[in-house]
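J.: Sending over final.cif (mmCIF, C-alpha atoms).
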data_entry
#
loop_
_atom_site.group_PDB
_atom_site.id
_atom_site.type_symbol
_atom_site.label_atom_id
_atom_site.label_comp_id
_atom_site.auth_asym_id
_atom_site.auth_seq_id
_atom_site.Cartn_x
_atom_site.Cartn_y
_atom_site.Cartn_z
ATOM 1 C CA ALA A 252 90.220 131.300 -5.303
ATOM 2 C CA GLN A 253 88.789 132.040 -8.712
ATOM 3 C CA SER A 254 88.782 129.438 -11.463
ATOM 4 C CA VAL A 255 87.249 128.839 -14.869
ATOM 5 C CA ALA A 256 86.768 125.520 -16.651
ATOM 6 C CA GLN A 257 86.161 125.004 -20.343
ATOM 7 C CA PRO A 258 85.675 121.243 -20.538
ATOM 8 C CA GLU A 259 85.911 120.917 -24.322
ATOM 9 C CA ASP A 260 89.180 121.548 -26.135
ATOM 10 C CA GLN A 261 87.372 121.546 -29.472
ATOM 11 C CA VAL A 262 83.807 121.843 -30.692
ATOM 12 C CA ASN A 263 82.878 120.884 -34.255
ATOM 13 C CA VAL A 264 79.603 122.096 -35.778
ATOM 14 C CA ALA A 265 78.143 122.162 -39.274
ATOM 15 C CA GLU A 266 77.358 125.554 -40.737
ATOM 16 C CA GLY A 267 73.784 126.590 -40.038
ATOM 17 C CA ASN A 268 73.470 124.425 -36.928
ATOM 18 C CA PRO A 269 73.296 125.835 -33.408
ATOM 19 C CA LEU A 270 76.481 125.898 -31.379
ATOM 20 C CA THR A 271 77.273 125.807 -27.662
ATOM 21 C CA VAL A 272 80.640 126.372 -26.008
ATOM 22 C CA LYS A 273 80.633 125.420 -22.353
ATOM 23 C CA CYS A 274 82.056 127.319 -19.368
ATOM 24 C CA THR A 275 81.790 126.755 -15.624
ATOM 25 C CA TYR A 276 83.285 128.983 -12.959
ATOM 26 C CA SER A 277 84.127 129.270 -9.293
ATOM 27 C CA VAL A 278 84.417 132.568 -7.397
ATOM 28 C CA SER A 279 83.803 133.821 -3.889
ATOM 29 C CA GLY A 280 81.065 136.383 -4.153
ATOM 30 C CA ASN A 281 79.055 137.404 -7.178
ATOM 31 C CA PRO A 282 80.701 136.875 -10.553
ATOM 32 C CA TYR A 283 81.424 139.073 -13.505
ATOM 33 C CA LEU A 284 81.603 136.732 -16.527
ATOM 34 C CA PHE A 285 83.010 137.335 -19.993
ATOM 35 C CA TRP A 286 83.559 135.685 -23.356
ATOM 36 C CA TYR A 287 86.403 136.622 -25.681
ATOM 37 C CA VAL A 288 87.322 135.370 -29.153
ATOM 38 C CA GLN A 289 90.750 135.011 -30.724
ATOM 39 C CA TYR A 290 91.157 134.760 -34.488
ATOM 40 C CA PRO A 291 94.431 133.317 -35.890
ATOM 41 C CA ASN A 292 97.486 135.488 -35.224
ATOM 42 C CA ARG A 293 95.427 138.214 -33.583
ATOM 43 C CA GLY A 294 94.745 139.472 -30.090
ATOM 44 C CA LEU A 295 91.609 138.701 -28.153
ATOM 45 C CA GLN A 296 88.367 140.532 -28.793
ATOM 46 C CA PHE A 297 85.562 141.056 -26.283
ATOM 47 C CA LEU A 298 82.263 139.314 -27.195
ATOM 48 C CA LEU A 299 79.927 139.792 -24.245
ATOM 49 C CA LYS A 300 79.667 140.042 -20.479
ATOM 50 C CA TYR A 301 77.331 139.284 -17.605
ATOM 51 C CA ILE A 302 77.324 141.651 -14.644
ATOM 52 C CA THR A 303 73.825 141.477 -13.233
ATOM 53 C CA GLY A 304 70.214 141.394 -14.404
ATOM 54 C CA ASP A 305 68.874 139.252 -17.243
ATOM 55 C CA ASN A 306 70.471 135.822 -17.318
ATOM 56 C CA LEU A 307 70.572 135.812 -21.128
ATOM 57 C CA VAL A 308 73.195 138.197 -22.441
ATOM 58 C CA LYS A 309 73.522 139.175 -26.091
ATOM 59 C CA GLY A 310 76.809 140.148 -27.636
ATOM 60 C CA SER A 311 78.693 140.703 -30.855
ATOM 61 C CA TYR A 312 78.341 138.662 -34.087
ATOM 62 C CA GLY A 313 75.012 137.116 -33.003
ATOM 63 C CA PHE A 314 76.456 135.343 -29.968
ATOM 64 C CA GLU A 315 74.645 135.085 -26.651
ATOM 65 C CA ALA A 316 75.394 133.479 -23.300
ATOM 66 C CA GLU A 317 73.224 132.196 -20.499
ATOM 67 C CA PHE A 318 74.172 132.709 -16.872
ATOM 68 C CA ASN A 319 73.048 129.870 -14.594
ATOM 69 C CA LYS A 320 73.827 130.587 -10.959
ATOM 70 C CA SER A 321 72.787 127.177 -9.595
ATOM 71 C CA GLN A 322 75.007 125.354 -12.079
ATOM 72 C CA THR A 323 77.740 128.039 -11.969
ATOM 73 C CA SER A 324 77.789 128.035 -15.747
ATOM 74 C CA PHE A 325 78.000 130.634 -18.490
ATOM 75 C CA HIS A 326 77.681 128.779 -21.800
ATOM 76 C CA LEU A 327 78.177 130.615 -25.089
ATOM 77 C CA LYS A 328 75.568 129.993 -27.777
ATOM 78 C CA LYS A 329 74.630 130.936 -31.301
ATOM 79 C CA PRO A 330 71.468 129.788 -33.099
ATOM 80 C CA SER A 331 73.090 129.346 -36.524
ATOM 81 C CA ALA A 332 76.834 128.890 -36.943
ATOM 82 C CA LEU A 333 78.895 130.490 -39.694
ATOM 83 C CA VAL A 334 82.215 129.267 -41.082
ATOM 84 C CA SER A 335 83.636 132.645 -40.068
ATOM 85 C CA ASP A 336 82.873 131.808 -36.408
ATOM 86 C CA SER A 337 85.779 129.347 -36.453
ATOM 87 C CA ALA A 338 88.205 130.634 -33.818
ATOM 88 C CA LEU A 339 89.475 130.113 -30.272
ATOM 89 C CA TYR A 340 87.017 131.124 -27.553
ATOM 90 C CA PHE A 341 87.855 131.998 -23.961
ATOM 91 C CA CYS A 342 85.633 132.358 -20.922
ATOM 92 C CA ALA A 343 86.804 134.676 -18.105
ATOM 93 C CA VAL A 344 85.673 135.575 -14.584
ATOM 94 C CA THR A 345 86.221 138.096 -11.845
ATOM 95 C CA SER A 346 84.076 138.945 -8.821
ATOM 96 C CA TRP A 347 82.024 141.929 -7.728
ATOM 97 C CA GLY A 348 83.606 144.426 -5.477
ATOM 98 C CA SER A 349 87.026 142.982 -6.057
ATOM 99 C CA SER A 350 89.312 145.920 -5.626
ATOM 100 C CA ALA A 351 92.041 143.972 -7.253
ATOM 101 C CA SER A 352 89.937 143.010 -10.310
ATOM 102 C CA LYS A 353 91.864 139.807 -10.855
ATOM 103 C CA ILE A 354 90.524 138.419 -14.130
ATOM 104 C CA ILE A 355 91.034 134.710 -14.747
ATOM 105 C CA PHE A 356 90.643 132.926 -18.081
ATOM 106 C CA GLY A 357 89.784 129.371 -19.013
ATOM 107 C CA SER A 358 91.941 127.136 -21.171
ATOM 108 C CA GLY A 359 90.038 127.963 -24.339
ATOM 109 C CA THR A 360 87.822 126.031 -26.756
ATOM 110 C CA ARG A 361 88.593 125.819 -30.435
ATOM 111 C CA LEU A 362 85.406 126.139 -32.456
ATOM 112 C CA SER A 363 85.478 124.646 -35.932
ATOM 113 C CA ILE A 364 82.548 125.231 -38.284
ATOM 114 C CA ARG A 365 82.470 123.010 -41.374
ATOM 115 C CA PRO A 366 80.726 124.191 -44.545
ATOM 116 C CA ASP B 66 93.063 155.621 -32.761
ATOM 117 C CA GLY B 67 93.070 154.446 -29.167
ATOM 118 C CA GLY B 68 94.580 151.111 -28.391
ATOM 119 C CA ILE B 69 97.347 149.037 -26.897
ATOM 120 C CA THR B 70 100.746 148.725 -28.502
ATOM 121 C CA GLN B 71 103.010 145.828 -27.677
ATOM 122 C CA SER B 72 106.596 145.590 -28.847
ATOM 123 C CA PRO B 73 108.468 143.813 -30.133
ATOM 124 C CA LYS B 74 106.127 141.483 -31.993
ATOM 125 C CA TYR B 75 108.769 138.755 -32.142
ATOM 126 C CA LEU B 76 111.748 138.371 -29.826
ATOM 127 C CA PHE B 77 114.483 135.793 -29.611
ATOM 128 C CA ARG B 78 116.518 135.382 -26.466
ATOM 129 C CA LYS B 79 119.415 133.258 -25.387
ATOM 130 C CA GLU B 80 119.121 131.335 -22.163
ATOM 131 C CA GLY B 81 120.275 133.370 -19.182
ATOM 132 C CA GLN B 82 119.277 136.737 -20.639
ATOM 133 C CA ASN B 83 116.632 139.063 -19.287
ATOM 134 C CA VAL B 84 114.269 140.632 -21.805
ATOM 135 C CA THR B 85 111.690 143.383 -21.450
ATOM 136 C CA LEU B 86 108.398 143.468 -23.333
ATOM 137 C CA SER B 87 106.815 146.850 -23.845
ATOM 138 C CA CYS B 88 103.120 147.645 -23.408
ATOM 139 C CA GLU B 89 101.726 151.136 -23.987
ATOM 140 C CA GLN B 90 98.079 152.226 -23.993
ATOM 141 C CA ASN B 91 96.443 155.512 -24.947
ATOM 142 C CA LEU B 92 92.962 154.559 -23.745
ATOM 143 C CA ASN B 93 93.301 156.362 -20.402
ATOM 144 C CA HIS B 94 92.637 153.046 -18.674
ATOM 145 C CA ASP B 95 93.604 152.637 -15.044
ATOM 146 C CA ALA B 96 94.077 148.870 -14.947
ATOM 147 C CA MET B 97 96.649 146.918 -16.948
ATOM 148 C CA TYR B 98 97.404 143.215 -17.168
ATOM 149 C CA TRP B 99 99.958 140.738 -18.487
ATOM 150 C CA TYR B 100 98.948 137.241 -19.573
ATOM 151 C CA ARG B 101 100.906 134.349 -20.955
ATOM 152 C CA GLN B 102 99.328 132.105 -23.601
ATOM 153 C CA ASP B 103 100.509 128.544 -24.156
ATOM 154 C CA PRO B 104 98.783 125.936 -26.347
ATOM 155 C CA GLY B 105 96.181 124.008 -24.375
ATOM 156 C CA GLN B 106 96.619 126.140 -21.250
ATOM 157 C CA GLY B 107 94.717 129.221 -22.210
ATOM 158 C CA LEU B 108 95.691 132.572 -20.746
ATOM 159 C CA ARG B 109 97.422 132.643 -17.409
ATOM 160 C CA LEU B 110 97.726 135.859 -15.415
ATOM 161 C CA ILE B 111 101.276 137.011 -14.676
ATOM 162 C CA TYR B 112 100.847 140.471 -13.101
ATOM 163 C CA TYR B 113 98.191 143.156 -12.953
ATOM 164 C CA SER B 114 98.057 146.773 -11.866
ATOM 165 C CA GLN B 115 95.080 148.875 -10.828
ATOM 166 C CA ILE B 116 96.892 152.203 -10.465
ATOM 167 C CA VAL B 117 100.256 153.798 -10.993
ATOM 168 C CA ASN B 118 103.009 152.593 -8.674
ATOM 169 C CA ASP B 119 100.995 149.582 -7.563
ATOM 170 C CA PHE B 120 100.791 146.044 -8.961
ATOM 171 C CA GLN B 121 99.889 142.550 -7.818
ATOM 172 C CA LYS B 122 101.144 139.088 -8.644
ATOM 173 C CA GLY B 123 98.953 136.857 -10.715
ATOM 174 C CA ASP B 124 98.981 133.075 -10.757
ATOM 175 C CA ILE B 125 102.372 132.619 -12.461
ATOM 176 C CA ALA B 126 104.494 135.601 -11.387
ATOM 177 C CA GLU B 127 107.683 133.657 -10.635
ATOM 178 C CA GLY B 128 110.497 134.639 -12.973
ATOM 179 C CA TYR B 129 108.782 137.835 -14.101
ATOM 180 C CA SER B 130 108.860 141.452 -12.937
ATOM 181 C CA VAL B 131 106.874 144.583 -13.830
ATOM 182 C CA SER B 132 106.771 148.293 -13.129
ATOM 183 C CA ARG B 133 103.985 150.878 -13.370
ATOM 184 C CA GLU B 134 105.619 154.281 -13.251
ATOM 185 C CA LYS B 135 103.193 155.829 -15.736
ATOM 186 C CA LYS B 136 99.511 155.216 -16.342
ATOM 187 C CA GLU B 137 100.171 154.510 -20.021
ATOM 188 C CA SER B 138 102.964 151.987 -19.610
ATOM 189 C CA PHE B 139 103.280 148.540 -18.031
ATOM 190 C CA PRO B 140 106.497 146.814 -19.152
ATOM 191 C CA LEU B 141 107.128 143.154 -18.377
ATOM 192 C CA THR B 142 110.618 141.774 -17.774
ATOM 193 C CA VAL B 143 111.162 138.080 -18.324
ATOM 194 C CA THR B 144 114.126 137.196 -16.154
ATOM 195 C CA SER B 145 116.597 134.359 -16.433
ATOM 196 C CA ALA B 146 114.815 132.778 -13.462
ATOM 197 C CA GLN B 147 111.785 131.970 -15.630
ATOM 198 C CA LYS B 148 112.317 128.316 -16.451
ATOM 199 C CA ASN B 149 110.192 128.062 -19.580
ATOM 200 C CA PRO B 150 109.799 131.541 -21.048
ATOM 201 C CA THR B 151 108.990 130.593 -24.648
ATOM 202 C CA ALA B 152 105.372 131.724 -25.065
ATOM 203 C CA PHE B 153 102.991 134.309 -26.489
ATOM 204 C CA TYR B 154 102.585 137.277 -24.148
ATOM 205 C CA LEU B 155 99.479 139.450 -24.151
ATOM 206 C CA CYS B 156 99.040 142.819 -22.506
ATOM 207 C CA ALA B 157 95.580 144.199 -21.750
ATOM 208 C CA SER B 158 93.924 147.162 -20.086
ATOM 209 C CA SER B 159 90.484 147.964 -18.725
ATOM 210 C CA GLY B 160 88.557 151.101 -17.938
ATOM 211 C CA GLN B 161 86.101 152.071 -15.238
ATOM 212 C CA GLY B 162 82.376 152.598 -14.968
ATOM 213 C CA PRO B 163 79.420 150.255 -15.469
ATOM 214 C CA SER B 164 80.072 149.607 -19.131
ATOM 215 C CA GLY B 165 83.838 149.506 -19.134
ATOM 216 C CA ALA B 166 84.780 147.972 -15.850
ATOM 217 C CA ASN B 167 86.758 144.771 -16.232
ATOM 218 C CA VAL B 168 86.240 144.614 -20.008
ATOM 219 C CA LEU B 169 89.706 144.006 -21.359
ATOM 220 C CA THR B 170 91.215 145.532 -24.472
ATOM 221 C CA PHE B 171 94.149 143.448 -25.676
ATOM 222 C CA GLY B 172 97.286 144.243 -27.576
ATOM 223 C CA ALA B 173 98.401 142.149 -30.551
ATOM 224 C CA GLY B 174 100.899 140.209 -28.442
ATOM 225 C CA SER B 175 104.618 139.517 -28.307
ATOM 226 C CA ARG B 176 106.028 136.097 -29.154
ATOM 227 C CA LEU B 177 109.149 135.253 -27.184
ATOM 228 C CA THR B 178 111.359 132.361 -28.199
ATOM 229 C CA VAL B 179 114.289 131.223 -26.120
ATOM 230 C CA LEU B 180 117.051 129.654 -28.171
#
Go ahead and render the structure in this file as structure tokens.
T.:
Amino acid sequence: AQSVAQPEDQVNVAEGNPLTVKCTYSVSGNPYLFWYVQYPNRGLQFLLKYITGDNLVKGSYGFEAEFNKSQTSFHLKKPSALVSDSALYFCAVTSWGSSASKIIFGSGTRLSIRP
Amino acid sequence: DGGITQSPKYLFRKEGQNVTLSCEQNLNHDAMYWYRQDPGQGLRLIYYSQIVNDFQKGDIAEGYSVSREKKESFPLTVTSAQKNPTAFYLCASSGQGPSGANVLTFGAGSRLTVL
């Protein structure tokens, strides 16, 4: 069975500091991994994905994520946080070759950037 | 513009009533999904469909039903059997190919409140 864990309900960071939002996963087979962001009263927007290849993936708004197979993790990072990054972030997973493409999300992490 | 349209945006229902949430996409995507979002629980998968006239149960399908008679449409019915239907419901779709596969485009959501 697929599962995703986001161990932190909330992450607080000062503007200009680096940020990390954690995600660990469990799938049978090779994973497809994703990060999405949700701003208040809006739908989710795609940030980035890992399919194969380079373990460091770059995405929208200066975000990046590092795939670590041995630790089954896919943490979201940004070198310098902006107040406008404050939002709810979701990690998601599915597996290669899954004809059903069942995509499972984590519980979400609220990122709060203080000026 | 291509996208996903969910309606209604807000819906109030009395206990014991069935309600149907509409989801229409003009992205020519094959796969469509329904998720439920509750505070602190993230997004949970209700149903998903890879092709017309075929759909699969997600992790919390009990009390819900769907149909996929057209590629563009994937309506969700919340039945009276759903014990706690008050939630925010999100519809999504995904395309095919190396860049689009499994990347979800979300609608703006429908908020259902049971009175």
J.: Pull out every residue that the PyMOL selection byres ((chain A and resi 352-360) around 6) matches in the shown coordinates and put them as a PyMOL selection string.
T.: (chain A and resi 255-257+259-261+339-345+349-351+361) or (chain B and resi 106-108)
J.: Can you tell me how far atom CA of A:Lys300 sits from atom CA of B:Val168, in Å to one decimal?
T.: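 Pair atom CA of A:Lys300 / atom CA of B:Val168 returns 8.0 Å.
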J.: Could you check the closest approach to chain B for each of A:Lys273, A:Arg293, A:Arg365, A:His326 and tell me which residue wins, using all atoms listed in the file?
T.: A:Arg293
J.: Kindly give the distance, in Å, that separates atom CA of A:Leu362 and atom CA of A:Gly310, rounded to a single decimal.
T.: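 Interatomic distance here is 17.1 Å.
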J.: Take atom CA of B:Phe77 and atom CA of B:Ala157 and report the distance between them in Å, one decimal.
T.: 22.1 Å
J.: Take the point (97.1, 149.4, -25.4) as written in the file and pick out every residue within 7 Å of it, counting all atoms listed in the file; give the list as a list in words.
T.: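 So the residues meeting the distance criterion are Gly68, Ile69, Thr70, Cys88, Glu89, Gln90, Asn91, Leu92, Ala157, Ser158, Phe171 and Gly172 of chain B.
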J.: Could you tell me which of B:Lys148, B:Ala173, B:Gln121, B:Ser114 comes closest to B:Glu134 if we count all atoms listed in the file?
T.: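 Result for the nearest residue to B:Glu134: B:Ser114.
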J.: Select from chain B every residue with an atom at most 10 Å from any atom of chain A, then for each give the shortest pair of atoms and their distance in Å to one decimal, using all atoms listed in the file, rows by chain and rising number, as JSON lines.
T.:
{"residue": "B:Ala96", "atom": "CA", "partner": "A:Ser352", "partner_atom": "CA", "distance": 8.5}
{"residue": "B:Tyr98", "atom": "CA", "partner": "A:Ile354", "partner_atom": "CA", "distance": 8.9}
{"residue": "B:Tyr100", "atom": "CA", "partner": "A:Phe356", "partner_atom": "CA", "distance": 9.5}
{"residue": "B:Gln102", "atom": "CA", "partner": "A:Ser358", "partner_atom": "CA", "distance": 9.2}
{"residue": "B:Asp103", "atom": "CA", "partner": "A:Ser358", "partner_atom": "CA", "distance": 9.2}
{"residue": "B:Pro104", "atom": "CA", "partner": "A:Ser358", "partner_atom": "CA", "distance": 8.7}
{"residue": "B:Gly105", "atom": "CA", "partner": "A:Ser358", "partner_atom": "CA", "distance": 6.2}
{"residue": "B:Gln106", "atom": "CA", "partner": "A:Ser358", "partner_atom": "CA", "distance": 4.8}
{"residue": "B:Gly107", "atom": "CA", "partner": "A:Ser358", "partner_atom": "CA", "distance": 3.6}
{"residue": "B:Leu108", "atom": "CA", "partner": "A:Phe356", "partner_atom": "CA", "distance": 5.7}
{"residue": "B:Arg109", "atom": "CA", "partner": "A:Phe356", "partner_atom": "CA", "distance": 6.8}
{"residue": "B:Leu110", "atom": "CA", "partner": "A:Ile355", "partner_atom": "CA", "distance": 6.8}
{"residue": "B:Tyr112", "atom": "CA", "partner": "A:Lys353", "partner_atom": "CA", "distance": 9.3}
{"residue": "B:Tyr113", "atom": "CA", "partner": "A:Lys353", "partner_atom": "CA", "distance": 7.5}
{"residue": "B:Ser114", "atom": "CA", "partner": "A:Ala351", "partner_atom": "CA", "distance": 8.1}
{"residue": "B:Gln115", "atom": "CA", "partner": "A:Ala351", "partner_atom": "CA", "distance": 6.8}
{"residue": "B:Phe120", "atom": "CA", "partner": "A:Ala351", "partner_atom": "CA", "distance": 9.2}
{"residue": "B:Gln121", "atom": "CA", "partner": "A:Ala351", "partner_atom": "CA", "distance": 8.0}
{"residue": "B:Lys122", "atom": "CA", "partner": "A:Lys353", "partner_atom": "CA", "distance": 9.6}
{"residue": "B:Gly123", "atom": "CA", "partner": "A:Lys353", "partner_atom": "CA", "distance": 7.7}
{"residue": "B:Asp124", "atom": "CA", "partner": "A:Ile355", "partner_atom": "CA", "distance": 9.0}
{"residue": "B:Leu155", "atom": "CA", "partner": "A:Gly294", "partner_atom": "CA", "distance": 7.6}
{"residue": "B:Cys156", "atom": "CA", "partner": "A:Gly294", "partner_atom": "CA", "distance": 9.3}
{"residue": "B:Ala157", "atom": "CA", "partner": "A:Leu295", "partner_atom": "CA", "distance": 9.3}
{"residue": "B:Ser159", "atom": "CA", "partner": "A:Ser352", "partner_atom": "CA", "distance": 9.8}
{"residue": "B:Pro163", "atom": "CA", "partner": "A:Ile302", "partner_atom": "CA", "distance": 8.9}
{"residue": "B:Ser164", "atom": "CA", "partner": "A:Ile302", "partner_atom": "CA", "distance": 9.5}
{"residue": "B:Ala166", "atom": "CA", "partner": "A:Ser352", "partner_atom": "CA", "distance": 9.1}
{"residue": "B:Asn167", "atom": "CA", "partner": "A:Ser352", "partner_atom": "CA", "distance": 6.9}
{"residue": "B:Val168", "atom": "CA", "partner": "A:Phe297", "partner_atom": "CA", "distance": 7.2}
{"residue": "B:Leu169", "atom": "CA", "partner": "A:Phe297", "partner_atom": "CA", "distance": 7.1}
{"residue": "B:Thr170", "atom": "CA", "partner": "A:Gln296", "partner_atom": "CA", "distance": 7.2}
{"residue": "B:Phe171", "atom": "CA", "partner": "A:Leu295", "partner_atom": "CA", "distance": 5.9}
{"residue": "B:Gly172", "atom": "CA", "partner": "A:Gly294", "partner_atom": "CA", "distance": 6.0}
{"residue": "B:Ala173", "atom": "CA", "partner": "A:Gly294", "partner_atom": "CA", "distance": 4.6}
{"residue": "B:Gly174", "atom": "CA", "partner": "A:Gly294", "partner_atom": "CA", "distance": 6.4}
J.: Using the chain letters and residue numbers of this document, give as a PDB file with C-alpha atoms, keeping the file's coordinate frame the residues selected by the PyMOL selection byres ((chain B and resi 141) around 6).
T.:
ATOM      1  CA  THR B  85     111.690 143.383 -21.450  1.00  0.00           C
ATOM      2  CA  LEU B  86     108.398 143.468 -23.333  1.00  0.00           C
ATOM      3  CA  SER B 130     108.860 141.452 -12.937  1.00  0.00           C
ATOM      4  CA  VAL B 131     106.874 144.583 -13.830  1.00  0.00           C
ATOM      5  CA  PRO B 140     106.497 146.814 -19.152  1.00  0.00           C
ATOM      6  CA  THR B 142     110.618 141.774 -17.774  1.00  0.00           C
TER       7      THR B 142
END
J.: Tell me which of B:Asn93, B:Asn118, B:Ser132, B:Gln71 sits closest to B:Tyr154, counting only C-alpha atoms.
T.: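 Closest candidate: B:Gln71.
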J.: Identify, on the basis of only C-alpha atoms, every residue whose closest approach to A:Lys320 does not exceed 9 Å; exclude the query and any residue fewer than 4 positions from it along the same chain; express the result as number ranges by chain.
T.: A: 306, 324-325
J.: Have a look at B:Ile116, B:Ile111, B:Leu76, B:Ala126 and name the one nearest to B:Arg176; count all atoms listed in the file.
T.: B:Leu76
J.: Of the candidates A:Gln322, A:Asn263, A:Asn281, A:Ser254, which one gets nearest to A:Pro366 if we count all atoms listed in the file?
T.: A:Asn263
J.: Starting from the shown file, work through the PyMOL selection byres ((chain A and resi 264) around 12) and note down what comes out as a list of chain:residue names.
T.: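 Applying the PyMOL selection byres ((chain A and resi 264) around 12) to the structure shown produces A:Gln261, A:Val262, A:Asn263, A:Ala265, A:Glu266, A:Gly267, A:Asn268, A:Pro269, A:Leu270, A:Thr271, A:Val272, A:Lys328, A:Lys329, A:Pro330, A:Ser331, A:Ala332, A:Leu333, A:Val334, A:Asp336, A:Ser337, A:Arg361, A:Leu362, A:Ser363, A:Ile364, A:Arg365, A:Pro366.
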J.: Once you count all atoms listed in the file, which residues end up no further than 7 Å from (118.7, 136.9, -13.5) in the file's frame, shown as a CSV table (one decimal) with C-alpha atoms, in the coordinates of the input?
T.:
chain,number,residue,atom,x,y,z
B,81,GLY,CA,120.3,133.4,-19.2
B,83,ASN,CA,116.6,139.1,-19.3
B,144,THR,CA,114.1,137.2,-16.2
B,145,SER,CA,116.6,134.4,-16.4
B,146,ALA,CA,114.8,132.8,-13.5
J.: Looking at B:Val117, B:Ser175, B:Trp99, B:Val84, which one is nearest to B:Lys136, with distances taken over only C-alpha atoms?
T.: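 Nearest to B:Lys136: B:Val117.
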J.: Can you fill out stretch 147-153 of chain B with all heavy atoms and hand it back as a CSV table (one decimal), in the coordinates of the input?
T.:
chain,number,residue,atom,x,y,z
B,147,GLN,N,113.0,132.6,-15.1
B,147,GLN,CA,111.8,132.0,-15.6
B,147,GLN,C,112.2,130.7,-16.4
B,147,GLN,O,112.9,130.8,-17.4
B,147,GLN,CB,111.1,133.0,-16.5
B,147,GLN,CG,110.0,132.4,-17.4
B,147,GLN,CD,109.0,131.5,-16.7
B,147,GLN,OE1,108.7,130.4,-17.1
B,147,GLN,NE2,108.4,132.0,-15.6
B,148,LYS,N,111.8,129.6,-16.0
B,148,LYS,CA,112.3,128.3,-16.5
B,148,LYS,C,111.9,128.0,-17.9
B,148,LYS,O,112.6,127.3,-18.6
B,148,LYS,CB,111.9,127.2,-15.5
B,148,LYS,CG,112.4,127.4,-14.1
B,148,LYS,CD,113.1,126.2,-13.5
B,148,LYS,CE,113.5,126.4,-12.1
B,148,LYS,NZ,114.5,127.5,-11.9
B,149,ASN,N,110.7,128.4,-18.3
B,149,ASN,CA,110.2,128.1,-19.6
B,149,ASN,C,109.6,129.3,-20.2
B,149,ASN,O,108.3,129.4,-20.3
B,149,ASN,CB,109.2,126.9,-19.5
B,149,ASN,CG,108.7,126.4,-20.8
B,149,ASN,OD1,109.4,126.7,-21.8
B,149,ASN,ND2,107.6,125.8,-20.9
B,150,PRO,N,110.4,130.3,-20.6
B,150,PRO,CA,109.8,131.5,-21.0
B,150,PRO,C,109.2,131.6,-22.5
B,150,PRO,O,108.6,132.6,-22.8
B,150,PRO,CB,111.0,132.5,-20.9
B,150,PRO,CG,112.2,131.6,-21.2
B,150,PRO,CD,111.8,130.3,-20.6
B,151,THR,N,109.5,130.6,-23.3
B,151,THR,CA,109.0,130.6,-24.6
B,151,THR,C,107.5,130.6,-24.6
B,151,THR,O,106.9,129.6,-24.1
B,151,THR,CB,109.5,129.4,-25.4
B,151,THR,OG1,111.0,129.6,-25.6
B,151,THR,CG2,108.9,129.3,-26.8
B,152,ALA,N,106.8,131.6,-25.1
B,152,ALA,CA,105.4,131.7,-25.1
B,152,ALA,C,104.9,133.0,-25.8
B,152,ALA,O,105.8,133.8,-26.3
B,152,ALA,CB,104.9,131.8,-23.6
B,153,PHE,N,103.6,133.1,-25.9
B,153,PHE,CA,103.0,134.3,-26.5
B,153,PHE,C,102.5,135.1,-25.3
B,153,PHE,O,101.8,134.6,-24.5
B,153,PHE,CB,101.8,133.9,-27.4
B,153,PHE,CG,101.2,135.0,-28.2
B,153,PHE,CD1,102.0,135.8,-29.0
B,153,PHE,CD2,99.8,135.1,-28.2
B,153,PHE,CE1,101.4,136.8,-29.8
B,153,PHE,CE2,99.2,136.1,-29.0
B,153,PHE,CZ,100.0,136.9,-29.8
